[in-house]
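Chemist: To be precise about what I am sending: the file is called run.cif and holds mmCIF, C-alpha atoms.
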```cif
data_final
loop_
_atom_site.label_atom_id
_atom_site.label_comp_id
_atom_site.auth_asym_id
_atom_site.auth_seq_id
_atom_site.Cartn_x
_atom_site.Cartn_y
_atom_site.Cartn_z
CA MET A 1 109.02 -48.11 40.96
CA GLU A 2 112.45 -49.68 40.39
CA LYS A 3 114.13 -46.43 41.42
CA GLN A 4 112.06 -46.31 44.58
CA LYS A 5 112.96 -49.94 45.34
CA SER A 6 116.68 -49.24 44.82
CA THR A 7 116.50 -46.23 47.16
CA TYR A 8 114.84 -48.31 49.87
CA ASN A 9 117.41 -51.12 49.48
CA LYS A 10 120.30 -48.67 49.86
CA ARG A 11 118.68 -47.15 52.93
CA MET A 12 118.08 -50.59 54.42
CA THR A 13 121.70 -51.65 53.75
CA SER A 14 122.97 -48.51 55.49
CA ILE A 15 120.76 -49.15 58.51
CA ALA A 16 121.78 -52.81 58.65
CA ARG A 17 125.46 -51.87 58.49
CA ARG A 18 125.13 -49.41 61.37
CA ILE A 19 123.27 -51.98 63.48
CA SER A 20 125.88 -54.62 62.64
CA TRP A 21 128.81 -52.33 63.57
CA SER A 22 127.12 -51.36 66.84
CA MET A 23 126.59 -55.03 67.74
CA TRP A 24 130.18 -55.94 66.75
CA SER A 25 131.77 -53.15 68.82
CA ARG A 26 129.70 -54.03 71.89
CA ARG A 27 130.66 -57.70 71.51
CA PHE A 28 134.37 -56.76 71.23
CA LEU A 29 134.23 -54.63 74.39
CA HIS A 30 132.45 -57.43 76.28
CA PHE A 31 135.12 -59.95 75.24
CA LEU A 32 137.92 -57.56 76.27
CA LEU A 33 136.36 -56.95 79.67
CA TRP A 34 135.84 -60.66 80.32
CA ASP A 35 139.45 -61.44 79.27
CA VAL A 36 140.85 -58.88 81.71
CA LEU A 37 138.65 -60.11 84.55
CA LEU A 38 139.45 -63.76 83.82
CA PHE A 39 143.22 -63.11 83.65
CA ALA A 40 143.14 -61.19 86.95
CA ALA A 41 141.15 -63.97 88.61
CA THR A 42 143.46 -66.77 87.42
CA PHE A 43 146.59 -64.80 88.39
CA GLY A 44 145.11 -64.20 91.83
CA LEU A 45 144.53 -67.94 92.20
CA PHE A 46 148.17 -68.59 91.23
CA VAL A 47 149.42 -66.18 93.90
CA LEU A 48 147.08 -67.74 96.47
CA HIS A 49 148.40 -71.20 95.57
CA CYS A 50 152.01 -70.02 95.99
CA ASN A 51 151.23 -68.48 99.38
CA GLN A 52 149.98 -71.84 100.59
CA GLU A 53 153.58 -73.12 100.41
CA LEU A 54 154.95 -70.35 102.64
CA PRO A 55 155.44 -70.93 106.39
CA ARG A 56 152.33 -70.30 108.48
CA GLU A 57 153.96 -67.42 110.35
CA ALA A 58 154.68 -65.63 107.03
CA VAL A 59 151.12 -65.38 105.69
CA HIS A 60 147.69 -65.72 107.15
CA ASN A 61 144.47 -66.59 105.26
CA GLY A 62 146.37 -66.72 101.96
CA TRP A 63 146.79 -62.93 101.58
CA ASP A 64 147.62 -61.40 104.93
CA TYR A 65 151.47 -61.22 105.00
CA ALA A 66 153.31 -60.98 108.29
CA GLU A 67 155.21 -57.83 109.19
CA GLY A 68 158.62 -57.67 107.52
CA THR A 69 157.62 -59.94 104.62
CA GLN A 70 158.36 -58.50 101.18
CA VAL A 71 156.74 -59.57 97.92
CA ASP A 72 158.22 -58.82 94.50
CA PHE A 73 158.07 -59.84 90.85
CA ILE A 74 161.53 -60.01 89.23
CA ARG A 75 162.83 -60.62 85.75
CA GLU A 76 166.16 -62.43 85.39
CA GLY A 77 166.34 -62.70 81.60
CA CYS A 78 164.58 -62.03 78.32
CA HIS A 79 162.66 -65.29 78.10
CA TYR A 80 159.14 -65.56 79.57
CA GLU A 81 160.49 -68.29 81.92
CA SER A 82 162.69 -65.70 83.67
CA PHE A 83 159.69 -64.04 85.43
CA THR A 84 159.55 -65.02 89.09
CA TYR A 85 157.21 -64.34 92.00
CA MET A 86 159.57 -63.89 95.01
CA VAL A 87 158.77 -63.64 98.73
CA HIS A 88 161.41 -62.38 101.31
CA LEU A 89 160.72 -63.30 104.92
CA GLU A 90 161.88 -61.26 107.90
CA ASN A 91 164.32 -63.99 108.97
CA GLY A 92 166.09 -63.78 105.60
CA GLU A 93 164.50 -66.81 103.97
CA GLU A 94 163.60 -66.41 100.35
CA TYR A 95 161.00 -68.24 98.26
CA ARG A 96 160.88 -68.19 94.47
CA PHE A 97 157.93 -69.27 92.32
CA PRO A 98 158.61 -69.28 88.55
CA LEU A 99 155.71 -67.77 86.62
CA TYR A 100 156.24 -70.11 83.66
CA LYS A 101 154.37 -72.80 85.61
CA PHE A 102 151.43 -70.44 85.65
CA TYR A 103 151.91 -69.66 81.95
CA ASN A 104 152.12 -73.33 80.99
CA TYR A 105 148.67 -73.97 82.46
CA VAL A 106 146.85 -70.73 81.65
CA ILE A 107 148.21 -69.62 78.29
CA PRO A 108 146.76 -72.62 76.32
CA LEU A 109 143.34 -71.98 77.83
CA PHE A 110 143.55 -68.28 77.02
CA LEU A 111 144.63 -69.06 73.46
CA LEU A 112 141.61 -71.29 72.96
CA LEU A 113 139.36 -68.60 74.41
CA LEU A 114 140.91 -65.90 72.21
CA LEU A 115 140.59 -68.17 69.18
CA PHE A 116 136.87 -68.63 69.86
CA GLN A 117 136.40 -64.88 70.39
CA CYS A 118 138.25 -64.03 67.19
CA PHE A 119 136.14 -66.53 65.26
CA ASP A 120 132.97 -65.01 66.73
CA LEU A 121 134.10 -61.47 65.90
CA ILE A 122 135.01 -62.45 62.32
CA ASN A 123 131.64 -64.17 61.97
CA GLY A 124 129.97 -61.00 63.26
CA ILE A 125 131.25 -59.09 60.24
CA SER A 126 128.66 -60.94 58.14
CA ASP A 127 125.79 -59.84 60.44
CA THR A 128 124.90 -57.11 57.98
CA LYS A 129 123.47 -59.67 55.58
CA ARG A 130 121.42 -61.39 58.29
CA ILE A 131 120.12 -58.06 59.58
CA ARG A 132 119.10 -57.06 56.07
CA LYS A 133 117.13 -60.29 55.80
CA LYS A 134 115.36 -59.54 59.09
CA LEU A 135 114.61 -55.97 57.99
CA ARG A 136 113.25 -57.01 54.60
CA PRO A 137 109.58 -57.34 55.78
CA LEU A 138 109.78 -53.83 57.25
CA ASN A 139 111.29 -52.56 54.02
CA GLU A 140 108.49 -54.14 51.99
CA LEU A 141 105.90 -52.70 54.40
CA ALA A 142 107.39 -49.22 54.01
CA MET A 143 107.34 -49.57 50.23
CA LYS A 144 103.70 -50.67 50.26
CA ALA A 145 102.78 -47.83 52.61
CA GLU A 146 104.42 -45.28 50.32
CA ALA A 147 102.81 -46.88 47.30
CA MET A 148 99.40 -46.64 48.97
CA GLY A 149 100.09 -43.00 49.68
CA ASN A 150 100.47 -42.43 45.94
CA ILE A 151 97.21 -44.22 45.06
CA SER A 152 94.34 -42.10 43.83
CA TYR A 153 91.38 -42.60 46.14
CA GLU A 154 88.90 -40.97 43.81
CA HIS A 155 87.30 -44.36 43.01
CA LEU A 156 87.01 -45.15 46.70
CA GLU A 157 85.40 -41.80 47.51
CA ASN A 158 82.86 -42.25 44.70
CA ALA A 159 82.06 -45.78 45.87
CA ILE A 160 81.52 -44.59 49.46
CA HIS A 161 79.18 -41.80 48.30
CA SER A 162 77.19 -44.23 46.16
CA ALA A 163 76.69 -46.74 49.00
CA SER A 164 73.13 -46.52 50.39
CA PRO A 165 72.04 -47.17 54.00
CA ASP A 166 69.95 -50.14 52.87
CA SER A 167 72.77 -51.64 50.80
CA PRO A 168 76.07 -50.49 52.38
CA LYS A 169 78.51 -52.18 50.02
CA ILE A 170 81.55 -50.48 48.50
CA VAL A 171 82.80 -51.64 45.09
CA THR A 172 85.59 -49.72 43.32
CA GLY A 173 86.83 -52.27 40.79
CA ASP A 174 90.41 -51.24 41.65
CA ARG A 175 92.60 -54.21 42.63
CA GLU A 176 94.94 -52.00 44.64
CA LEU A 177 92.01 -50.96 46.84
CA GLN A 178 90.61 -54.48 47.26
CA SER A 179 91.92 -54.98 50.83
CA ILE A 180 90.50 -51.60 51.88
CA GLU A 181 87.16 -52.56 50.30
CA ILE A 182 86.99 -55.77 52.34
CA ALA A 183 87.78 -53.98 55.61
CA LEU A 184 85.26 -51.19 54.97
CA ASN A 185 82.52 -53.59 53.86
CA SER A 186 83.03 -55.68 56.99
CA LEU A 187 82.76 -52.56 59.15
CA LEU A 188 79.67 -51.35 57.29
CA MET A 189 78.03 -54.75 57.63
CA LYS A 190 78.50 -54.70 61.40
CA MET A 191 77.15 -51.15 61.54
CA GLN A 192 74.15 -52.21 59.43
CA GLU A 193 73.44 -55.18 61.70
CA SER A 194 73.65 -52.93 64.75
CA ARG A 195 71.33 -50.41 63.11
CA GLN A 196 68.81 -53.10 62.18
CA GLN A 197 68.97 -54.50 65.71
CA GLN A 198 68.25 -51.05 67.16
CA VAL A 199 65.36 -50.49 64.73
CA ARG A 200 63.92 -53.91 65.56
CA PHE A 201 64.31 -53.26 69.29
CA VAL A 202 62.50 -49.91 69.07
CA SER A 203 59.78 -51.44 66.91
CA ASP A 204 59.25 -54.39 69.26
CA ALA A 205 59.29 -52.14 72.34
CA SER A 206 56.72 -49.82 70.74
CA HIS A 207 54.53 -52.80 69.87
CA GLU A 208 54.72 -54.23 73.39
CA LEU A 209 53.89 -50.85 74.94
CA ARG A 210 51.06 -50.19 72.47
CA THR A 211 49.03 -53.18 73.71
CA PRO A 212 48.71 -52.19 77.41
CA ILE A 213 48.19 -48.56 76.43
CA ALA A 214 45.34 -49.58 74.11
CA VAL A 215 43.79 -51.73 76.84
CA ILE A 216 44.07 -48.93 79.40
CA GLN A 217 42.56 -46.47 76.95
CA GLY A 218 39.68 -48.86 76.20
CA TYR A 219 38.80 -49.37 79.85
CA VAL A 220 39.06 -45.63 80.55
CA ASN A 221 36.56 -44.97 77.75
CA MET A 222 34.28 -47.70 79.13
CA LEU A 223 34.50 -46.15 82.58
CA ASP A 224 33.68 -42.77 81.11
CA ARG A 225 30.55 -44.14 79.39
CA TRP A 226 29.10 -46.70 81.82
CA GLY A 227 31.38 -47.06 84.84
CA LYS A 228 30.04 -44.06 86.68
CA GLU A 229 26.70 -45.78 87.30
CA ASP A 230 27.49 -49.51 86.88
CA PRO A 231 29.46 -51.02 89.83
CA GLU A 232 30.34 -54.19 87.87
CA VAL A 233 31.88 -52.20 85.02
CA LEU A 234 33.68 -50.02 87.55
CA GLU A 235 35.17 -53.02 89.38
CA GLU A 236 36.17 -54.81 86.16
CA SER A 237 37.78 -51.67 84.75
CA ILE A 238 39.74 -50.90 87.91
CA ALA A 239 41.09 -54.49 88.05
CA ALA A 240 42.08 -54.38 84.38
CA LEU A 241 43.73 -50.98 84.76
CA LYS A 242 45.79 -52.29 87.71
CA ASN A 243 46.90 -55.37 85.78
CA GLU A 244 47.85 -53.46 82.64
CA SER A 245 49.65 -50.68 84.53
CA GLU A 246 51.62 -53.31 86.47
CA HIS A 247 52.50 -55.05 83.21
CA MET A 248 53.58 -51.75 81.67
CA LYS A 249 55.69 -50.91 84.72
CA GLU A 250 57.44 -54.31 84.54
CA LEU A 251 58.06 -53.90 80.81
CA ILE A 252 59.54 -50.42 81.24
CA GLU A 253 61.81 -51.63 84.07
CA GLN A 254 63.06 -54.47 81.87
CA LEU A 255 63.70 -52.08 78.98
CA LEU A 256 65.60 -49.70 81.25
CA PHE A 257 67.68 -52.58 82.65
CA LEU A 258 68.72 -53.70 79.15
CA ALA A 259 69.34 -50.11 78.04
CA ARG A 260 71.63 -49.53 81.04
CA GLY A 261 73.38 -52.79 80.27
CA ASP A 262 73.96 -51.81 76.63
CA SER A 263 75.43 -48.47 77.70
CA GLY A 264 77.62 -50.02 80.44
CA ARG A 265 75.77 -48.32 83.30
CA ASN A 266 74.71 -51.53 85.07
CA THR A 267 77.28 -52.07 87.81
CA LEU A 268 77.87 -55.34 89.65
CA ASN A 269 78.16 -55.25 93.45
CA ARG A 270 80.45 -58.26 93.73
CA THR A 271 80.72 -60.30 96.90
CA ASN A 272 81.51 -63.92 97.74
CA PHE A 273 78.36 -65.94 98.44
CA ASP A 274 77.08 -69.51 98.47
CA LEU A 275 75.09 -70.33 95.32
CA GLY A 276 73.44 -73.19 97.20
CA ASP A 277 71.89 -70.72 99.67
CA VAL A 278 70.49 -68.64 96.78
CA ILE A 279 68.95 -71.72 95.12
CA ARG A 280 67.39 -72.73 98.45
CA GLU A 281 65.90 -69.24 98.91
CA VAL A 282 64.35 -69.21 95.42
CA TRP A 283 62.95 -72.72 96.06
CA GLU A 284 61.33 -71.56 99.32
CA GLU A 285 59.88 -68.47 97.61
CA SER A 286 58.47 -70.59 94.78
CA LEU A 287 56.73 -72.93 97.25
CA MET A 288 54.98 -69.96 98.87
CA ILE A 289 53.86 -68.02 95.78
CA ASP A 290 53.02 -70.90 93.42
CA GLU A 291 50.89 -73.79 94.72
CA LYS A 292 50.02 -75.00 91.22
CA HIS A 293 53.39 -76.69 90.63
CA THR A 294 55.60 -79.08 92.59
CA TYR A 295 59.05 -77.66 93.31
CA VAL A 296 61.83 -80.16 94.06
CA LEU A 297 65.22 -79.18 95.50
CA LYS A 298 68.17 -81.37 94.52
CA GLY A 299 71.90 -81.29 95.29
CA ILE A 300 71.52 -79.61 98.69
CA PRO A 301 69.45 -80.29 101.84
CA GLU A 302 66.23 -78.35 102.30
CA GLU A 303 67.57 -76.98 105.59
CA LYS A 304 70.88 -75.16 105.85
CA THR A 305 73.41 -76.43 108.41
CA GLU A 306 77.08 -75.74 109.09
CA SER A 307 78.03 -79.18 107.77
CA ASN A 308 76.48 -78.55 104.35
CA GLU A 309 78.80 -78.41 101.36
CA THR A 310 79.34 -74.87 100.07
CA TYR A 311 79.09 -73.66 96.47
CA LEU A 312 81.06 -70.41 96.67
CA MET A 313 81.20 -67.94 93.79
CA ASN A 314 81.96 -64.24 93.35
CA GLY A 315 79.33 -61.96 91.87
CA ASP A 316 76.32 -59.74 92.38
CA LEU A 317 74.05 -61.79 94.64
CA ALA A 318 70.87 -59.86 93.76
CA MET A 319 71.42 -60.18 90.01
CA VAL A 320 72.29 -63.89 90.16
CA LYS A 321 69.16 -64.46 92.23
CA GLN A 322 67.14 -62.52 89.66
CA SER A 323 68.44 -64.76 86.86
CA ILE A 324 67.38 -67.89 88.80
CA ARG A 325 63.90 -66.42 89.39
CA ILE A 326 63.55 -65.69 85.66
CA PHE A 327 64.29 -69.31 84.74
CA VAL A 328 61.93 -70.62 87.47
CA GLN A 329 59.12 -68.27 86.44
CA ASN A 330 59.69 -69.23 82.81
CA ALA A 331 59.43 -72.92 83.75
CA ALA A 332 56.18 -72.35 85.68
CA LYS A 333 54.68 -70.28 82.86
CA TYR A 334 55.13 -72.97 80.23
CA SER A 335 54.33 -76.03 82.39
CA GLU A 336 50.94 -77.54 83.17
CA GLU A 337 49.48 -77.33 86.64
CA GLY A 338 50.65 -80.17 88.87
CA SER A 339 53.90 -80.73 86.94
CA THR A 340 57.29 -80.79 88.65
CA ILE A 341 59.99 -78.13 88.46
CA LYS A 342 63.42 -79.18 89.72
CA LEU A 343 66.11 -76.86 91.11
CA ASP A 344 69.60 -78.35 91.37
CA VAL A 345 73.09 -77.10 92.30
CA GLN A 346 76.42 -78.91 91.97
CA LYS A 347 80.15 -78.58 91.32
CA GLU A 348 82.00 -79.63 88.20
CA ASN A 349 85.57 -79.01 86.98
CA GLY A 350 86.20 -75.95 89.13
CA ASN A 351 82.75 -74.46 88.42
CA VAL A 352 79.50 -74.17 90.37
CA LEU A 353 76.33 -74.91 88.40
CA TYR A 354 72.61 -74.49 88.93
CA THR A 355 69.95 -76.26 86.88
CA ILE A 356 66.26 -75.42 86.38
CA GLN A 357 64.29 -78.24 84.75
CA ASP A 358 60.58 -78.37 83.92
CA GLU A 359 58.09 -80.78 82.34
CA GLY A 360 56.52 -78.17 80.12
CA ILE A 361 55.74 -77.75 76.44
CA GLY A 362 59.41 -77.64 75.42
CA MET A 363 60.83 -75.97 72.32
CA THR A 364 62.03 -76.83 68.86
CA GLY A 365 65.72 -76.58 68.00
CA GLN A 366 64.94 -73.51 65.89
CA ASP A 367 63.31 -71.76 68.87
CA VAL A 368 66.19 -72.65 71.21
CA ALA A 369 68.57 -70.77 68.91
CA HIS A 370 66.56 -67.54 69.42
CA ILE A 371 65.19 -67.69 72.96
CA PHE A 372 67.70 -65.16 74.31
CA GLU A 373 66.86 -62.58 71.66
CA ARG A 374 64.84 -59.64 72.92
CA PHE A 375 61.05 -59.88 72.51
CA PHE A 376 61.35 -63.35 71.01
CA ARG A 377 58.42 -65.69 71.62
CA SER A 378 57.59 -68.70 69.47
CA ASP A 379 54.30 -68.91 67.64
CA GLU A 380 53.08 -71.71 69.93
CA VAL A 381 53.72 -69.57 73.01
CA ARG A 382 51.97 -66.55 71.51
CA ASN A 383 48.91 -68.62 70.64
CA GLU A 384 48.65 -69.98 74.16
CA ASN A 385 48.46 -66.40 75.46
CA THR A 386 50.86 -67.03 78.30
CA GLY A 387 51.75 -63.37 78.58
CA GLY A 388 55.17 -61.91 79.20
CA SER A 389 57.24 -59.46 77.21
CA GLY A 390 59.92 -61.77 75.84
CA LEU A 391 62.63 -59.87 77.72
CA GLY A 392 63.12 -62.10 80.76
CA LEU A 393 65.56 -64.56 79.20
CA SER A 394 67.46 -61.67 77.57
CA ILE A 395 67.94 -60.12 81.01
CA ALA A 396 69.01 -63.47 82.50
CA LYS A 397 71.58 -63.93 79.72
CA TRP A 398 72.95 -60.41 80.25
CA ILE A 399 73.40 -61.13 83.97
CA ILE A 400 75.15 -64.44 83.31
CA ASP A 401 77.40 -62.96 80.61
CA ALA A 402 78.35 -60.13 82.99
CA HIS A 403 79.55 -62.81 85.44
CA ASP A 404 81.51 -64.65 82.69
CA GLY A 405 79.10 -67.55 83.08
CA THR A 406 77.72 -69.97 80.47
CA ILE A 407 74.21 -71.22 79.69
CA ASN A 408 73.36 -74.66 78.32
CA VAL A 409 69.82 -75.30 77.08
CA LEU A 410 68.32 -78.75 76.48
CA SER A 411 64.70 -78.84 75.32
CA ARG A 412 62.33 -81.35 73.74
CA GLN A 413 58.79 -80.60 72.62
CA ASP A 414 56.11 -82.00 74.96
CA VAL A 415 58.90 -83.27 77.27
CA GLY A 416 60.34 -80.16 78.91
CA THR A 417 63.28 -77.79 79.10
CA ARG A 418 66.44 -77.71 81.21
CA PHE A 419 68.60 -74.61 81.73
CA THR A 420 72.10 -75.22 83.18
CA VAL A 421 74.08 -72.16 84.23
CA SER A 422 77.77 -72.39 85.17
CA PHE A 423 79.98 -69.93 87.08
CA GLN A 424 83.60 -70.13 88.13
CA GLU A 425 83.98 -71.43 91.66
CA GLU A 426 85.54 -69.08 94.22
CA GLN A 427 88.22 -70.82 96.28
#
```
What would you get if you wrote out this structure as C-alpha cells?
Modeler:
Amino acid sequence: MEKQKSTYNKRMTSIARRISWSMWSRRFLHFLLWDVLLFAATFGLFVLHCNQELPREAVHNGWDYAEGTQVDFIREGCHYESFTYMVHLENGEEYRFPLYKFYNYVIPLFLLLLLFQCFDLINGISDTKRIRKKLRPLNELAMKAEAMGNISYEHLENAIHSASPDSPKIVTGDRELQSIEIALNSLLMKMQESRQQQVRFVSDASHELRTPIAVIQGYVNMLDRWGKEDPEVLEESIAALKNESEHMKELIEQLLFLARGDSGRNTLNRTNFDLGDVIREVWEESLMIDEKHTYVLKGIPEEKTESNETYLMNGDLAMVKQSIRIFVQNAAKYSEEGSTIKLDVQKENGNVLYTIQDEGIGMTGQDVAHIFERFFRSDEVRNENTGGSGLGLSIAKWIIDAHDGTINVLSRQDVGTRFTVSFQEEQ
C-alpha cells in the first residue's frame, strides 16, 4: 500500500510540475507581448506629442508629414541622453526632440511594471505545490478506485445470491464493501416497493373487475332460467346488465389511462386557454345533470363578457377540464342532497387556482394522506355504498402533476372537503 501511495505521489508531482511549467511559460509570453505593445504605444504617443510642436504646414493630423519633410533618429554620443528625434523641413528648418525626456517619464513606469512581472513570475515557480494540493482529491480518488479494483467481491456475490425477493437485503460483513451495500440495498428497496405497488395494482384491478363480472354473470343466469317468460325479470336484468357493463367500461378506460400515463404514452395537447372559462363550463354542466345539489360559482361572473378578468394558463384543456369534473363529481358523490358545492377561480402569486368545496361527509387526516392512491376508499365510504372505482382522484392527480400543478386538500369530518389546484399563470 505504501509503495502504491509513493508511486501515485510521484506521478502527481510530475503532472503538477508539467502543468506549472505550462502556466509559467504562457504567463511569460503574455507579459512579453504586453510589454512590447505598451512600449510601442507610449513611443507613438511621444512622437505624436513632438509633432504637435511642428509648424502646421509641416504635418497634418499628427502623422501626415508634408512633402519634403524628413524624419530621423540620430545618436550623438554614447549616453542614452544623446538619442534625438529630428525633423528636417523643406525650407531648411530643423527641429530636435531629445528622447531622454521620453525616457525620464516612461522608464520608471516600465521598471515598476517589470518589477511586478518578475515578482509574479518568481511566485509562479511555487505553483507546483499549489497544483499538487488541488490534485490531491483526484489522487486519493484514483487510489481508492484502484484499491476497490483489488477487492475480492466473493462476499458480495454470495450476499446477492442469498437475498430473496421477499427480503431483498444484502449483508456482507465486509467494511470495505459497506458503501456498495448501502447503494445496492437502497436500489433493491425501491425495486421492491415498485414490485409491491404493481402487485397491489393488479390485485385491486382484478378485484374491481371481478364484481361487475360476477353481477353480469348472475343476471345472465337469471335470464337463462326465468327471463325468457317473465317480463319483470327480463327488464330488471337488462337494466342491471347495462349499468354493470357501463361501470366496467368506465373502469377499463380509467385503468388504460393510468397505464398509458405510467408508460409515458399520454401526450398533452398544450394550448393557452382561460381557466375561468373552463370552470364556468363545468359549473353549467353540473347545473344541468345534477339537480340534487346547489352549485355556486365564485370568482367570475356567471356570464362571459369581454371585460371579464382572464385566468390564462398553458396546458391540455380537455385534461384540465376532466380533472375539474372529477373533483366536482367526487364532491357530489359524498355530499347530501340539497347541500352546496362551490366552484371558485382566482389568481395568487403568479399562479391561477381553482377550488372545489363541498359540505359532505369529509375525511380524517389519515384518509387525506391516501386519497390519491389508486383504488383507495375509506371504510366509511365503502360502507355507504357510494360506488366508484377509487381511480378518479388518481387520474386527477396525474393530470395536475403532468401540468406541474399542485393540489392542496383541506377536509373535516361532517363539515366538508376543499380541493385547491394551482397552475402557473401564462403571461
Chemist: Translate the PyMOL selection byres ((chain A and resi 321-337) around 9), as applied to the file shown, into an explicit residue set as a ChimeraX atom specification.
Modeler: /A:275,278-279,281-283,286,290-294,316-320,338-343,354-362,381,386-387,392-393,395-397,399-400,416-419
Chemist: Given the file shown, enumerate the residues that the PyMOL selection byres ((chain A and resi 266) around 12) captures and present them as a list of chain:residue names.
Modeler: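 With the shown file as input, the PyMOL selection byres ((chain A and resi 266) around 12) matches A:Leu256, A:Phe257, A:Leu258, A:Ala259, A:Arg260, A:Gly261, A:Asp262, A:Ser263, A:Gly264, A:Arg265, A:Thr267, A:Leu268, A:Asn269, A:Asp316, A:Met319, A:Ile395, A:Trp398, A:Ile399, A:Ala402.
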Chemist: So what do you get for CA of Arg17 in chain A versus CA of Asp127 in chain A, distance-wise?
Modeler: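 Computed distance, CA of Arg17 in chain A to CA of Asp127 in chain A, equals 8.2 Å.
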Chemist: Quick one: what's the axis-aligned box for range 83-102 of chain A, all listed atoms, 6 Å on every side, centre and edges in Å to one decimal, as JSON?
Modeler:
```
{"center_x": 158.8, "center_y": -67.0, "center_z": 96.3, "size_x": 26.7, "size_y": 23.5, "size_z": 37.3}
```
Chemist: Using all atoms listed in the file, pick whichever of A:Asp414, A:Asp401, A:Glu246, A:Glu309 has the shortest atom-to-atom distance to Asp277 in chain A.
Modeler: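 Smallest distance to Asp277 in chain A is found for A:Glu309.
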Chemist: Just how far from CA of Gln254 in chain A is CA of Asp367 in chain A, in Å to one decimal?
Modeler: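 Going from CA of Asp367 in chain A over to CA of Gln254 in chain A, I get 21.6 Å.
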Chemist: Can you translate the PyMOL selection byres ((chain A and resi 375) around 6) into the concrete residues it hits in this file, as a list in words?
Modeler: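 Applying the expression gives Arg374, Phe376, Gly390 and Leu391 of chain A.
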Chemist: Could you tell me which of A:Thr84, A:Thr310, A:Asn123, A:Ser411 comes closest to Met23 in chain A if we count all atoms listed in the file?
Modeler: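 Counting all atoms listed in the file, the residue closest to Met23 in chain A is A:Asn123.
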Chemist: Figure out the distance between CA of Gln70 in chain A and CA of Val87 in chain A, please, to one decimal in Å.
Modeler: 5.7 Å
Chemist: Could you give me, as a list in words, the residues within 9 Å of Thr69 in chain A, counting all atoms listed in the file and dropping anything in the same chain fewer than 4 positions from it?
Modeler: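 Final neighbour list, sorted by chain and number: Ala58, Val59, Tyr65, Val87, His88, Leu89, Glu90 and Asn91 of chain A.
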Chemist: So that I can check the surroundings of Met313 in chain A, please list as a PyMOL selection string every protein, DNA and RNA residue that reaches within 10 Å of it, counting only C-alpha atoms and ignoring chain neighbours fewer than 2 positions away.
Modeler: chain A and resi 270-276+310-311+315-317+351-352+403+423-427
